[in-house]
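With TSV, C-alpha atoms and all ligand atoms inside, this is data02.tsv:
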chain	number	residue	atom	x	y	z
V	1	MET	CA	24.24	27.25	-19.19
V	2	ALA	CA	23.85	24.66	-16.39
V	3	THR	CA	27.04	23.71	-14.51
V	4	THR	CA	28.05	20.05	-13.95
V	5	GLU	CA	27.12	20.41	-10.28
V	6	GLU	CA	23.60	21.63	-11.12
V	7	LYS	CA	23.03	18.56	-13.30
V	8	LYS	CA	23.70	16.10	-10.46
V	9	PRO	CA	20.41	14.55	-9.31
V	10	ARG	CA	19.39	15.06	-5.70
V	11	THR	CA	20.12	12.15	-3.41
V	12	ASN	CA	19.07	11.17	0.11
V	13	ARG	CA	21.28	10.25	3.07
V	14	LEU	CA	22.07	6.87	1.44
V	15	GLY	CA	23.13	8.54	-1.80
V	16	LEU	CA	20.04	7.21	-3.63
V	17	THR	CA	17.86	9.23	-6.01
V	18	ILE	CA	14.06	9.29	-5.83
V	19	GLN	CA	14.06	7.24	-9.03
V	20	GLU	CA	15.39	4.30	-7.01
V	21	TYR	CA	12.22	4.41	-4.87
V	22	LYS	CA	9.84	4.25	-7.82
V	23	GLY	CA	8.01	1.23	-9.20
V	24	ALA	CA	6.17	0.22	-12.36
V	25	LYS	CA	3.90	2.63	-14.23
V	26	SER	CA	0.41	2.76	-12.70
V	27	THR	CA	-2.46	1.13	-14.57
V	28	LEU	CA	-5.13	2.73	-12.33
V	29	CYS	CA	-7.69	5.25	-13.68
V	30	GLY	CA	-6.23	8.72	-14.29
V	31	GLY	CA	-6.86	10.91	-11.21
V	32	CYS	CA	-7.33	7.98	-8.80
V	33	GLY	CA	-6.44	9.01	-5.23
V	34	HIS	CA	-4.35	5.85	-4.87
V	35	ASP	CA	-1.71	7.18	-7.27
V	36	VAL	CA	-1.28	10.28	-5.09
V	37	ILE	CA	-0.70	7.96	-2.11
V	38	THR	CA	1.84	5.95	-4.11
V	39	ASN	CA	3.80	9.16	-4.74
V	40	ALA	CA	3.60	10.08	-1.04
V	41	VAL	CA	4.86	6.62	0.01
V	42	THR	CA	7.72	6.90	-2.51
V	43	ARG	CA	8.71	10.31	-1.17
V	44	ALA	CA	8.41	9.32	2.50
V	45	PHE	CA	10.72	6.29	2.12
V	46	TYR	CA	13.15	8.34	0.00
V	47	GLU	CA	13.28	11.22	2.49
V	48	MET	CA	13.69	8.83	5.43
V	49	GLY	CA	16.55	7.12	3.60
V	50	VAL	CA	15.21	3.58	4.02
V	51	GLN	CA	17.12	1.04	1.91
V	52	PRO	CA	14.49	-0.25	-0.59
V	53	GLU	CA	15.90	-3.80	-0.34
V	54	LYS	CA	15.12	-3.70	3.40
V	55	VAL	CA	11.40	-3.15	2.80
V	56	ALA	CA	8.65	-5.79	2.45
V	57	LYS	CA	5.48	-4.55	0.68
V	58	LEU	CA	2.40	-6.72	0.91
V	59	SER	CA	-1.20	-6.50	-0.21
V	60	GLY	CA	-4.47	-8.36	-0.77
V	61	ILE	CA	-7.04	-7.77	-3.52
V	62	GLY	CA	-8.56	-4.60	-4.97
V	63	CYS	CA	-7.42	-1.45	-6.79
V	64	SER	CA	-5.53	-0.45	-3.64
V	65	SER	CA	-3.76	-3.78	-3.48
V	66	LYS	CA	-2.25	-3.18	-6.93
V	67	THR	CA	-0.41	-0.10	-5.70
V	68	PRO	CA	2.68	-1.73	-4.11
V	69	THR	CA	3.72	-2.54	-7.69
V	70	TYR	CA	3.99	1.19	-8.31
V	71	PHE	CA	6.61	1.96	-5.66
V	72	MET	CA	10.04	0.58	-4.71
V	73	SER	CA	10.64	-2.04	-7.40
V	74	SER	CA	13.64	-3.42	-5.53
V	75	ALA	CA	11.73	-4.07	-2.28
V	76	HIS	CA	10.44	-7.55	-1.42
V	77	GLY	CA	6.81	-7.85	-2.50
V	78	PHE	CA	3.93	-10.29	-2.26
V	79	ASN	CA	0.34	-9.83	-3.45
V	80	GLY	CA	-1.80	-12.24	-1.42
V	81	VAL	CA	-5.45	-13.26	-1.46
V	82	HIS	CA	-8.40	-11.08	-0.46
V	83	GLY	CA	-8.19	-9.77	3.11
V	84	ARG	CA	-5.19	-11.91	4.05
V	85	MET	CA	-2.46	-9.29	3.92
V	86	PRO	CA	-2.25	-9.09	7.77
V	87	ALA	CA	-1.16	-12.75	8.01
V	88	LEU	CA	1.54	-12.20	5.38
V	89	ALA	CA	2.73	-9.03	7.08
V	90	THR	CA	2.83	-10.72	10.48
V	91	GLY	CA	4.96	-13.54	9.06
V	92	ALA	CA	7.37	-11.13	7.37
V	93	ALA	CA	7.71	-8.91	10.46
V	94	VAL	CA	8.27	-11.84	12.80
V	95	ALA	CA	10.73	-13.69	10.57
V	96	ASN	CA	12.93	-10.68	9.89
V	97	ARG	CA	12.92	-7.69	12.22
V	98	ASP	CA	15.44	-5.89	9.99
V	99	LEU	CA	12.68	-5.28	7.44
V	100	THR	CA	10.36	-2.28	7.33
V	101	VAL	CA	7.00	-3.85	6.52
V	102	ILE	CA	4.28	-1.94	4.69
V	103	GLY	CA	0.90	-3.48	3.88
V	104	VAL	CA	-1.46	-1.72	1.49
V	105	SER	CA	-5.15	-2.54	1.66
V	106	GLY	CA	-8.51	-1.04	0.80
V	107	ASP	CA	-11.76	-0.50	2.65
V	108	GLY	CA	-13.25	-3.64	1.08
V	109	ASP	CA	-10.12	-5.73	1.67
V	110	THR	CA	-9.86	-4.60	5.33
V	111	ALA	CA	-13.34	-3.74	6.61
V	112	SER	CA	-15.21	-6.76	5.19
V	113	ILE	CA	-13.38	-9.92	4.11
V	114	GLY	CA	-10.20	-9.05	5.99
V	115	MET	CA	-11.80	-7.84	9.23
V	116	GLY	CA	-10.93	-10.97	11.22
V	117	GLN	CA	-7.27	-10.71	10.36
V	118	PHE	CA	-7.21	-6.92	10.77
V	119	VAL	CA	-8.47	-6.89	14.37
V	120	HIS	CA	-5.98	-9.52	15.53
V	121	LEU	CA	-3.09	-7.70	13.87
V	122	LEU	CA	-4.10	-4.56	15.78
V	123	ARG	CA	-4.28	-6.23	19.18
V	124	ARG	CA	-0.88	-7.87	18.58
V	125	ASN	CA	0.74	-4.55	17.62
V	126	VAL	CA	2.66	-6.17	14.74
V	127	PRO	CA	5.49	-3.79	13.74
V	128	MET	CA	4.36	-2.53	10.32
V	129	ILE	CA	2.72	0.30	8.45
V	130	TYR	CA	-0.88	-0.68	7.62
V	131	LEU	CA	-2.07	1.66	4.89
V	132	VAL	CA	-5.76	1.71	3.96
V	133	GLU	CA	-6.72	3.45	0.71
V	134	ASN	CA	-10.31	4.21	1.68
V	135	ASN	CA	-12.83	5.26	-0.97
V	136	GLY	CA	-16.06	3.71	0.34
V	137	VAL	CA	-16.61	1.50	-2.71
V	138	TYR	CA	-15.37	-1.67	-4.40
V	139	GLY	CA	-13.71	0.00	-7.41
V	140	LEU	CA	-12.45	-3.21	-9.00
V	141	THR	CA	-15.99	-4.67	-9.22
V	142	LYS	CA	-17.76	-1.52	-10.50
V	143	GLY	CA	-18.40	0.58	-7.42
V	144	GLN	CA	-20.68	-1.20	-4.90
V	145	PHE	CA	-20.70	0.31	-1.37
V	146	SER	CA	-18.07	-1.01	1.01
V	147	ALA	CA	-18.37	-1.24	4.81
V	148	THR	CA	-16.76	2.21	5.32
V	149	ALA	CA	-19.43	4.03	3.24
V	150	ASP	CA	-21.30	6.60	5.33
V	151	ILE	CA	-24.97	6.11	6.05
V	152	GLY	CA	-26.98	8.26	3.64
V	153	SER	CA	-24.25	8.52	0.99
V	154	LYS	CA	-25.29	7.88	-2.60
V	155	LEU	CA	-23.92	5.90	-5.52
V	156	LYS	CA	-23.87	7.47	-8.99
V	157	THR	CA	-26.98	5.43	-9.77
V	158	GLY	CA	-28.85	7.12	-6.89
V	159	VAL	CA	-28.77	4.06	-4.58
V	160	VAL	CA	-28.56	5.24	-0.95
V	161	ASN	CA	-26.46	3.45	1.67
V	162	ASP	CA	-28.65	2.65	4.68
V	163	LEU	CA	-26.01	0.95	6.85
V	164	PRO	CA	-23.68	2.68	9.34
V	165	PRO	CA	-19.96	2.75	8.49
V	166	VAL	CA	-17.11	0.89	10.13
V	167	ASP	CA	-14.71	3.55	11.44
V	168	LEU	CA	-11.31	1.88	11.01
V	169	CYS	CA	-9.50	4.48	13.13
V	170	GLY	CA	-11.98	4.25	16.01
V	171	LEU	CA	-11.77	0.47	15.91
V	172	ALA	CA	-7.96	0.52	15.85
V	173	ILE	CA	-7.75	2.87	18.84
V	174	GLU	CA	-10.19	0.77	20.85
V	175	LEU	CA	-8.31	-2.44	20.05
V	176	GLY	CA	-5.00	-1.08	21.27
V	177	ALA	CA	-3.16	-0.01	18.09
V	178	SER	CA	-0.18	2.12	19.02
V	179	PHE	CA	-0.27	4.60	16.07
V	180	VAL	CA	-3.52	5.59	14.38
V	181	ALA	CA	-3.75	8.29	11.73
V	182	ARG	CA	-6.21	9.53	9.15
V	183	SER	CA	-5.29	11.58	6.13
V	184	PHE	CA	-6.58	12.56	2.69
V	185	SER	CA	-4.97	12.08	-0.69
V	186	GLY	CA	-5.83	15.77	-1.36
V	187	ASP	CA	-3.42	16.82	1.46
V	188	VAL	CA	-0.07	15.41	0.38
V	189	LYS	CA	1.99	17.48	2.84
V	190	GLN	CA	0.12	16.07	5.84
V	191	LEU	CA	0.18	12.56	4.37
V	192	ILE	CA	3.97	12.55	3.85
V	193	SER	CA	4.57	13.74	7.45
V	194	ILE	CA	2.29	10.99	8.78
V	195	LEU	CA	3.97	8.32	6.65
V	196	LYS	CA	7.44	9.38	7.80
V	197	ALA	CA	6.31	9.20	11.44
V	198	ALA	CA	4.78	5.78	10.71
V	199	ILE	CA	8.14	4.57	9.33
V	200	ALA	CA	9.87	5.84	12.51
V	201	HIS	CA	7.32	4.15	14.82
V	202	ARG	CA	7.75	0.61	16.18
V	203	GLY	CA	4.38	-1.20	16.33
V	204	THR	CA	1.30	-1.18	14.12
V	205	ALA	CA	0.91	2.20	12.42
V	206	LEU	CA	-2.57	2.30	10.90
V	207	VAL	CA	-2.83	5.05	8.29
V	208	ASP	CA	-6.38	5.36	6.93
V	209	VAL	CA	-6.33	7.63	3.87
V	210	ILE	CA	-9.51	8.95	2.23
V	211	SER	CA	-8.62	8.28	-1.40
V	212	PRO	CA	-11.42	9.22	-3.80
V	213	CYS	CA	-12.40	6.76	-6.54
V	214	VAL	CA	-12.81	9.15	-9.46
V	215	THR	CA	-14.60	6.57	-11.59
V	216	PHE	CA	-17.33	5.40	-9.16
V	217	ASN	CA	-17.47	7.62	-6.07
V	218	ASN	CA	-16.50	11.23	-6.78
V	219	HIS	CA	-19.89	12.85	-7.36
V	220	PRO	CA	-22.36	15.00	-5.36
V	221	GLY	CA	-23.97	12.68	-2.79
V	222	SER	CA	-20.71	10.83	-2.11
V	223	THR	CA	-19.01	11.47	1.24
V	224	LYS	CA	-15.67	10.13	-0.07
V	225	SER	CA	-15.28	12.57	-2.98
V	226	TYR	CA	-12.51	15.18	-3.33
V	227	ASP	CA	-14.99	18.05	-2.84
V	228	TYR	CA	-16.76	16.58	0.19
V	229	THR	CA	-13.53	15.58	1.94
V	230	LYS	CA	-11.94	19.00	1.33
V	231	GLU	CA	-15.01	20.72	2.79
V	232	HIS	CA	-15.25	18.48	5.87
V	233	ASP	CA	-11.55	17.82	6.61
V	234	GLN	CA	-10.77	19.00	10.18
V	235	PRO	CA	-7.05	18.50	10.99
V	236	VAL	CA	-6.64	18.10	14.75
V	237	HIS	CA	-3.09	19.52	14.57
V	238	GLN	CA	-0.32	20.44	12.17
V	239	ILE	CA	2.45	17.88	12.17
V	240	GLU	CA	6.14	18.65	11.98
V	241	PHE	CA	8.32	15.59	11.63
V	242	VAL	CA	12.02	15.78	12.45
V	243	PRO	CA	13.90	12.62	11.40
V	244	PHE	CA	16.60	11.16	13.68
V	245	PHE	CA	19.37	12.24	11.29
V	246	GLN	CA	18.45	15.94	11.44
V	247	HIS	CA	18.87	18.29	14.39
V	248	PRO	CA	15.55	19.86	15.34
V	249	GLU	CA	15.55	23.64	15.42
V	250	VAL	CA	14.40	25.15	18.71
V	251	ASP	CA	10.69	25.69	18.63
V	252	GLN	CA	9.59	29.31	18.86
V	253	GLU	CA	6.34	28.52	20.66
V	254	PRO	CA	7.30	25.66	23.02
V	255	GLY	CA	4.23	26.05	25.25
V	256	GLN	CA	1.90	25.42	22.32
V	257	VAL	CA	3.58	22.37	20.90
V	258	ARG	CA	3.55	18.72	22.01
V	259	GLU	CA	6.78	16.94	21.12
V	260	VAL	CA	6.84	13.13	21.07
V	261	PRO	CA	10.07	11.12	20.55
V	262	LEU	CA	9.67	8.04	18.33
V	263	TYR	CA	11.40	4.64	18.42
V	264	ASP	CA	14.21	5.45	15.99
V	265	GLY	CA	15.09	8.78	17.63
V	266	SER	CA	12.94	10.93	15.31
V	267	VAL	CA	10.61	13.48	16.85
V	268	VAL	CA	7.09	14.41	15.90
V	269	ARG	CA	5.79	17.83	16.90
V	270	PHE	CA	2.09	18.50	17.15
V	271	ARG	CA	0.95	22.11	16.77
V	272	PRO	CA	-2.68	22.15	17.89
V	273	VAL	CA	-5.54	23.19	15.66
V	274	GLU	CA	-8.21	21.62	17.89
V	275	ALA	CA	-7.33	23.46	21.14
V	276	ASP	CA	-7.06	20.58	23.60
V	277	TYR	CA	-6.44	17.58	21.35
V	278	ASP	CA	-3.93	15.19	22.95
V	279	PRO	CA	-2.83	12.35	20.61
V	280	ARG	CA	-1.75	10.27	23.63
V	281	ASP	CA	-5.22	10.27	25.20
V	282	ARG	CA	-6.91	7.07	23.98
V	283	ILE	CA	-10.37	7.83	25.41
V	284	GLY	CA	-10.21	11.44	24.22
V	285	ALA	CA	-9.31	10.28	20.70
V	286	VAL	CA	-12.26	7.86	20.50
V	287	ARG	CA	-14.60	10.54	21.87
V	288	HIS	CA	-13.33	13.08	19.35
V	289	LEU	CA	-13.90	10.65	16.46
V	290	LYS	CA	-17.46	9.94	17.56
V	291	LEU	CA	-18.38	13.60	18.12
V	292	SER	CA	-16.80	14.56	14.79
V	293	ALA	CA	-18.79	11.87	12.99
V	294	ASP	CA	-22.00	13.24	14.53
V	295	ARG	CA	-21.09	16.70	13.18
V	296	GLY	CA	-20.24	15.28	9.73
V	297	GLU	CA	-16.57	16.25	10.13
V	298	ILE	CA	-13.53	14.19	9.10
V	299	PRO	CA	-10.75	14.61	11.70
V	300	THR	CA	-7.28	14.08	10.22
V	301	GLY	CA	-3.76	13.87	11.64
V	302	ILE	CA	-2.08	11.41	14.00
V	303	LEU	CA	-5.17	10.70	16.06
V	304	PHE	CA	-3.53	8.42	18.60
V	305	LEU	CA	0.06	7.55	19.50
V	306	ASP	CA	1.45	5.26	22.20
V	307	GLU	CA	5.16	5.07	21.55
V	308	ASN	CA	5.81	2.84	24.59
V	309	ARG	CA	3.60	-0.17	23.89
V	310	PRO	CA	5.75	-3.28	23.18
V	311	ASP	CA	5.31	-4.71	19.70
V	312	PHE	CA	4.49	-8.32	18.85
V	313	VAL	CA	8.08	-9.32	18.03
V	314	GLU	CA	9.29	-8.07	21.40
V	315	LEU	CA	6.44	-9.88	23.17
V	316	LEU	CA	7.44	-13.12	21.48
V	317	GLY	CA	11.00	-12.63	22.69
V	318	LEU	CA	12.42	-13.32	19.24
V	319	CYS	CA	16.11	-12.88	18.53
V	320	LYS	CA	17.40	-9.92	16.57
V	321	THR	CA	18.90	-12.07	13.80
V	322	PRO	CA	16.54	-12.71	10.86
V	323	LEU	CA	15.37	-16.34	11.11
V	324	ALA	CA	16.66	-17.11	7.61
V	325	GLU	CA	20.19	-16.26	8.79
V	326	LEU	CA	20.20	-18.60	11.78
V	327	ALA	CA	22.13	-21.85	11.50
V	328	ALA	CA	20.05	-25.05	11.56
V	329	GLU	CA	21.37	-26.07	14.99
V	330	LYS	CA	20.06	-22.77	16.43
V	331	LEU	CA	16.66	-23.12	14.79
V	332	ARG	CA	16.04	-26.73	15.86
V	333	PRO	CA	15.47	-27.58	19.51
V	334	SER	CA	18.16	-29.89	20.92
V	335	PRO	CA	17.23	-33.56	21.72
V	336	ALA	CA	17.30	-32.65	25.41
V	337	ALA	CA	14.90	-29.73	24.87
V	338	LEU	CA	12.55	-31.94	22.85
V	339	ASP	CA	12.63	-34.58	25.60
V	340	GLY	CA	11.71	-31.86	28.10
V	341	ILE	CA	8.74	-30.74	26.00
V	342	ASN	CA	7.54	-34.32	25.54
V	343	ARG	CA	7.81	-35.04	29.27
V	344	SER	CA	5.86	-31.87	30.11
V	345	LEU	CA	3.01	-32.99	27.82
V	346	MET	CA	2.75	-36.42	29.48
V	347	ARG	CA	1.90	-35.03	32.90
D	401	LIG	FE1	-9.08	4.12	-8.63
D	401	LIG	FE2	-11.74	3.79	-8.69
D	401	LIG	FE3	-10.31	3.49	-10.91
D	401	LIG	FE4	-10.12	1.70	-8.94
D	401	LIG	S1	-11.95	2.15	-10.18
D	401	LIG	S2	-8.41	2.59	-10.12
D	401	LIG	S3	-10.31	3.00	-7.11
D	401	LIG	S4	-10.56	5.38	-9.74

Step by step, read the file and then write its structure as structure tokens.
Amino acid sequence: MATTEEKKPRTNRLGLTIQEYKGAKSTLCGGCGHDVITNAVTRAFYEMGVQPEKVAKLSGIGCSSKTPTYFMSSAHGFNGVHGRMPALATGAAVANRDLTVIGVSGDGDTASIGMGQFVHLLRRNVPMIYLVENNGVYGLTKGQFSATADIGSKLKTGVVNDLPPVDLCGLAIELGASFVARSFSGDVKQLISILKAAIAHRGTALVDVISPCVTFNNHPGSTKSYDYTKEHDQPVHQIEFVPFFQHPEVDQEPGQVREVPLYDGSVVRFRPVEADYDPRDRIGAVRHLKLSADRGEIPTGILFLDENRPDFVELLGLCKTPLAELAAEKLRPSPAALDGINRSLMR
């Protein structure tokens, strides 16, 4: 017979159960990779002990953009128009630096209609987690190729894609993003470690997750299927994440492992799989992505990390207090300050 103690549900450091990090029931197709990502996001926020009411979850349009509904019901949420999630996320992050901001997008939402907003968010290093659920097709409109589809990949109908793909990770690294990762919804352990590190990072954390569309793009000929991604997945390292509220055990093989401290005091340890892969080498990361693409491999892990780059809110010199909590007299410039501005414009 179970004791009273055994019946108590597990809780995190805030005393909350995982149930308090869940959202509405998913309406996506059974087996969709996006639902696996939803579960990983739920677990990462629960294990990090982030207060759900201190999270803003934002999205655009597409199957992926429905997923914020399926986690953290008590977080702030806004489902915007197609490709415009970055503007919403920037506004939320700038107006209230107490929030952890997560934007969920898809390959269509980001790599086509949202590209203009995406690239400027990256170069600003807006403090947020930018999650792309990448399946190479527009699932919501019956499976046309998106801009991340690989050249030569096939639709179920036999149509072949003859355009080269946009590599979102390569683009992000080149544009100055401070945290760039790729993962796969078939590798939940890796994905949860990456998401926890992304929560601990301050700056834009781009997490591009290959997330197979089981209805339109999970067949032989697809390069975004479960089978293809499993066969071609090449992790560049194993990731061990130690949150700030846990003491790291001493590593047994210190010479082998790169240890990087993150903004909130957490530590991420990289145990190499690719012998000389250094996640802090921007040029090396871009080179590795290009060479891997030529070999038909999909490198996964935290591909690039610059924990020292200032984020957009710091660059703007904004105060720590959320703008909504500032008194009117602090928000409005004084008459003297306005006079000064007017005089400077008349010169
Ligand atoms: Fe997922 Fe594809 Fe179904 Fe959309 S159409 S919910 S991406 S399986």

Find the residues of chain V that sit at most 6 Å from ligand LIG 401 (chain D); for each, write down the nearest two atoms and how far apart they are in Å, to one decimal. Count all atoms listed in the file. Sort by chain, then by number going up, and give it as a Markdown table.
| residue | atom | partner | partner_atom | distance |
| --- | --- | --- | --- | --- |
| V:Leu28 | CA | D:LIG401 | S2 | 4.0 |
| V:Cys29 | CA | D:LIG401 | FE3 | 4.2 |
| V:Cys32 | CA | D:LIG401 | FE1 | 4.2 |
| V:Cys63 | CA | D:LIG401 | FE4 | 4.7 |
| V:Gly139 | CA | D:LIG401 | S1 | 3.9 |
| V:Leu140 | CA | D:LIG401 | FE4 | 5.4 |
| V:Cys213 | CA | D:LIG401 | FE2 | 3.7 |
| V:Val214 | CA | D:LIG401 | S4 | 4.4 |
| V:Thr215 | CA | D:LIG401 | S4 | 4.6 |
| V:Phe216 | CA | D:LIG401 | FE2 | 5.8 |

Considering all atoms listed in the file, state which residue in the set V:Asn125, V:Ser146, V:Thr321, V:Ser153 is at the smallest distance from Leu99 of chain V.
V:Thr321

Residues of segment 129-195 of chain V that have any atom at most 10 Å from an atom of segment 272-285 of chain V: could you tabulate them with the shortest-distance atom pair and the distance in Å to one decimal, using only C-alpha atoms, ordered by chain and increasing number, as JSON lines?
{"residue": "V:Cys169", "atom": "CA", "partner": "V:Ala285", "partner_atom": "CA", "distance": 9.5}
{"residue": "V:Gly170", "atom": "CA", "partner": "V:Ala285", "partner_atom": "CA", "distance": 8.1}
{"residue": "V:Ile173", "atom": "CA", "partner": "V:Arg282", "partner_atom": "CA", "distance": 6.7}
{"residue": "V:Glu174", "atom": "CA", "partner": "V:Arg282", "partner_atom": "CA", "distance": 7.8}
{"residue": "V:Gly176", "atom": "CA", "partner": "V:Arg282", "partner_atom": "CA", "distance": 8.8}
{"residue": "V:Ala177", "atom": "CA", "partner": "V:Arg282", "partner_atom": "CA", "distance": 9.9}
{"residue": "V:Ser178", "atom": "CA", "partner": "V:Arg280", "partner_atom": "CA", "distance": 9.5}
{"residue": "V:Phe179", "atom": "CA", "partner": "V:Pro279", "partner_atom": "CA", "distance": 9.3}
{"residue": "V:Val180", "atom": "CA", "partner": "V:Pro279", "partner_atom": "CA", "distance": 9.2}
{"residue": "V:Ala181", "atom": "CA", "partner": "V:Pro279", "partner_atom": "CA", "distance": 9.8}

Can you measure atom CA of Val267 of chain V to atom CA of Gly106 of chain V for me? One decimal in Å is fine.
28.9 Å

Need the shell around segment 224-238 of chain V: protein/DNA/RNA residues with any atom at most 9 Å away, counting all atoms listed in the file. Skip same-chain ones fewer than 6 positions apart. Format as an mmCIF file with C-alpha atoms, in the frame of the given file?
data_model
loop_
_atom_site.group_PDB
_atom_site.id
_atom_site.type_symbol
_atom_site.label_atom_id
_atom_site.label_comp_id
_atom_site.auth_asym_id
_atom_site.auth_seq_id
_atom_site.Cartn_x
_atom_site.Cartn_y
_atom_site.Cartn_z
ATOM 1 C CA GLY V 33 -6.440 9.010 -5.230
ATOM 2 C CA ASN V 134 -10.310 4.210 1.680
ATOM 3 C CA ASN V 135 -12.830 5.260 -0.970
ATOM 4 C CA GLY V 136 -16.060 3.710 0.340
ATOM 5 C CA ALA V 149 -19.430 4.030 3.240
ATOM 6 C CA ASP V 150 -21.300 6.600 5.330
ATOM 7 C CA SER V 153 -24.250 8.520 0.990
ATOM 8 C CA SER V 183 -5.290 11.580 6.130
ATOM 9 C CA PHE V 184 -6.580 12.560 2.690
ATOM 10 C CA SER V 185 -4.970 12.080 -0.690
ATOM 11 C CA GLY V 186 -5.830 15.770 -1.360
ATOM 12 C CA ASP V 187 -3.420 16.820 1.460
ATOM 13 C CA GLN V 190 0.120 16.070 5.840
ATOM 14 C CA ILE V 210 -9.510 8.950 2.230
ATOM 15 C CA SER V 211 -8.620 8.280 -1.400
ATOM 16 C CA PRO V 212 -11.420 9.220 -3.800
ATOM 17 C CA CYS V 213 -12.400 6.760 -6.540
ATOM 18 C CA VAL V 214 -12.810 9.150 -9.460
ATOM 19 C CA ASN V 217 -17.470 7.620 -6.070
ATOM 20 C CA ASN V 218 -16.500 11.230 -6.780
ATOM 21 C CA ARG V 269 5.790 17.830 16.900
ATOM 22 C CA PHE V 270 2.090 18.500 17.150
ATOM 23 C CA ARG V 271 0.950 22.110 16.770
ATOM 24 C CA PRO V 272 -2.680 22.150 17.890
ATOM 25 C CA VAL V 273 -5.540 23.190 15.660
ATOM 26 C CA GLU V 274 -8.210 21.620 17.890
ATOM 27 C CA ALA V 275 -7.330 23.460 21.140
ATOM 28 C CA TYR V 277 -6.440 17.580 21.350
ATOM 29 C CA SER V 292 -16.800 14.560 14.790
ATOM 30 C CA GLY V 296 -20.240 15.280 9.730
ATOM 31 C CA GLU V 297 -16.570 16.250 10.130
ATOM 32 C CA ILE V 298 -13.530 14.190 9.100
ATOM 33 C CA PRO V 299 -10.750 14.610 11.700
ATOM 34 C CA THR V 300 -7.280 14.080 10.220
ATOM 35 C CA GLY V 301 -3.760 13.870 11.640
ATOM 36 C CA ILE V 302 -2.080 11.410 14.000
ATOM 37 C CA LEU V 303 -5.170 10.700 16.060
#

Residues near segment 17-23 of chain V, cut-off 6 Å, all atoms listed in the file, skip fewer than 2 positions along chain, as a ChimeraX atom specification
/V:11,42,46,69-73

Given the choices V:Gly103, V:Gly158, V:Gly31, V:Pro86, which gets closest to Thr67 of chain V if the distance is worked out from all atoms listed in the file?
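Closest to Thr67 of chain V, using all atoms listed in the file: V:Gly103.
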
With distances taken over all atoms listed in the file, which of V:Asn342, V:Ser112, V:Asn96, V:Ser222 is nearest to Cys319 of chain V?
V:Asn96

Atom CA of Tyr130 of chain V to atom CA of Ala205 of chain V: how many Å, to one decimal?
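Between these atoms lies a distance of 5.9 Å.
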
What is the atom CA of Lys54 of chain V-atom CA of Ile199 of chain V distance in Å, reported with one decimal?
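Rounded to one decimal, the two atoms are 12.3 Å apart.
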
Tell me, as a list in words, which residues lie within 10 Å of Ala324 of chain V, counting only C-alpha atoms; anything in the same chain fewer than 4 positions away does not count.
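Counting only the stated atoms, we get Ala95, Asn96, Ala328 and Leu331 of chain V.
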
So which one's closest to Arg97 of chain V, V:Ala337, V:Val126, V:Val207, V:Ala44? Using all atoms listed in the file, please.
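Looking at the shortest contact to Arg97 of chain V, the residue is V:Val126.
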
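Take the candidates V:Arg124, V:Arg43, V:Lys154, V:Arg182 and check each one against Val313 of chain V using all atoms listed in the file; the shortest distance goes to V:Arg124.
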
Output, as JSON, the centre and edge lengths in Å (one decimal) of the axis-aligned box that contains all listed atoms of segment 168-179 of chain V with 4 Å of margin on each side.
{"center_x": -6.1, "center_y": 1.1, "center_z": 16.1, "size_x": 19.8, "size_y": 15.0, "size_z": 18.3}

Would you kindly place N, CA, C and O atoms on segment 51-58 of chain V and return the model as a short mmCIF file (atom, residue, chain, number, x, y, z; two decimals), in the coordinates of the input?
data_model
loop_
_atom_site.label_atom_id
_atom_site.label_comp_id
_atom_site.auth_asym_id
_atom_site.auth_seq_id
_atom_site.Cartn_x
_atom_site.Cartn_y
_atom_site.Cartn_z
N GLN V 51 16.59 1.86 3.03
CA GLN V 51 17.12 1.04 1.91
C GLN V 51 15.97 0.26 1.29
O GLN V 51 15.32 -0.54 1.99
N PRO V 52 15.65 0.45 -0.02
CA PRO V 52 14.49 -0.25 -0.59
C PRO V 52 14.56 -1.77 -0.43
O PRO V 52 13.54 -2.42 -0.23
N GLU V 53 15.77 -2.34 -0.48
CA GLU V 53 15.90 -3.80 -0.34
C GLU V 53 15.60 -4.28 1.08
O GLU V 53 15.52 -5.48 1.34
N LYS V 54 15.44 -3.34 2.01
CA LYS V 54 15.12 -3.70 3.40
C LYS V 54 13.64 -3.45 3.69
O LYS V 54 13.25 -3.26 4.86
N VAL V 55 12.84 -3.39 2.64
CA VAL V 55 11.40 -3.15 2.80
C VAL V 55 10.65 -4.37 2.26
O VAL V 55 11.03 -4.94 1.24
N ALA V 56 9.57 -4.76 2.97
CA ALA V 56 8.65 -5.79 2.45
C ALA V 56 7.31 -5.10 2.22
O ALA V 56 6.78 -4.46 3.14
N LYS V 57 6.77 -5.19 1.01
CA LYS V 57 5.48 -4.55 0.68
C LYS V 57 4.49 -5.65 0.32
O LYS V 57 4.78 -6.51 -0.51
N LEU V 58 3.35 -5.62 1.00
CA LEU V 58 2.40 -6.72 0.91
C LEU V 58 1.01 -6.17 0.66
O LEU V 58 0.70 -5.05 1.06
#
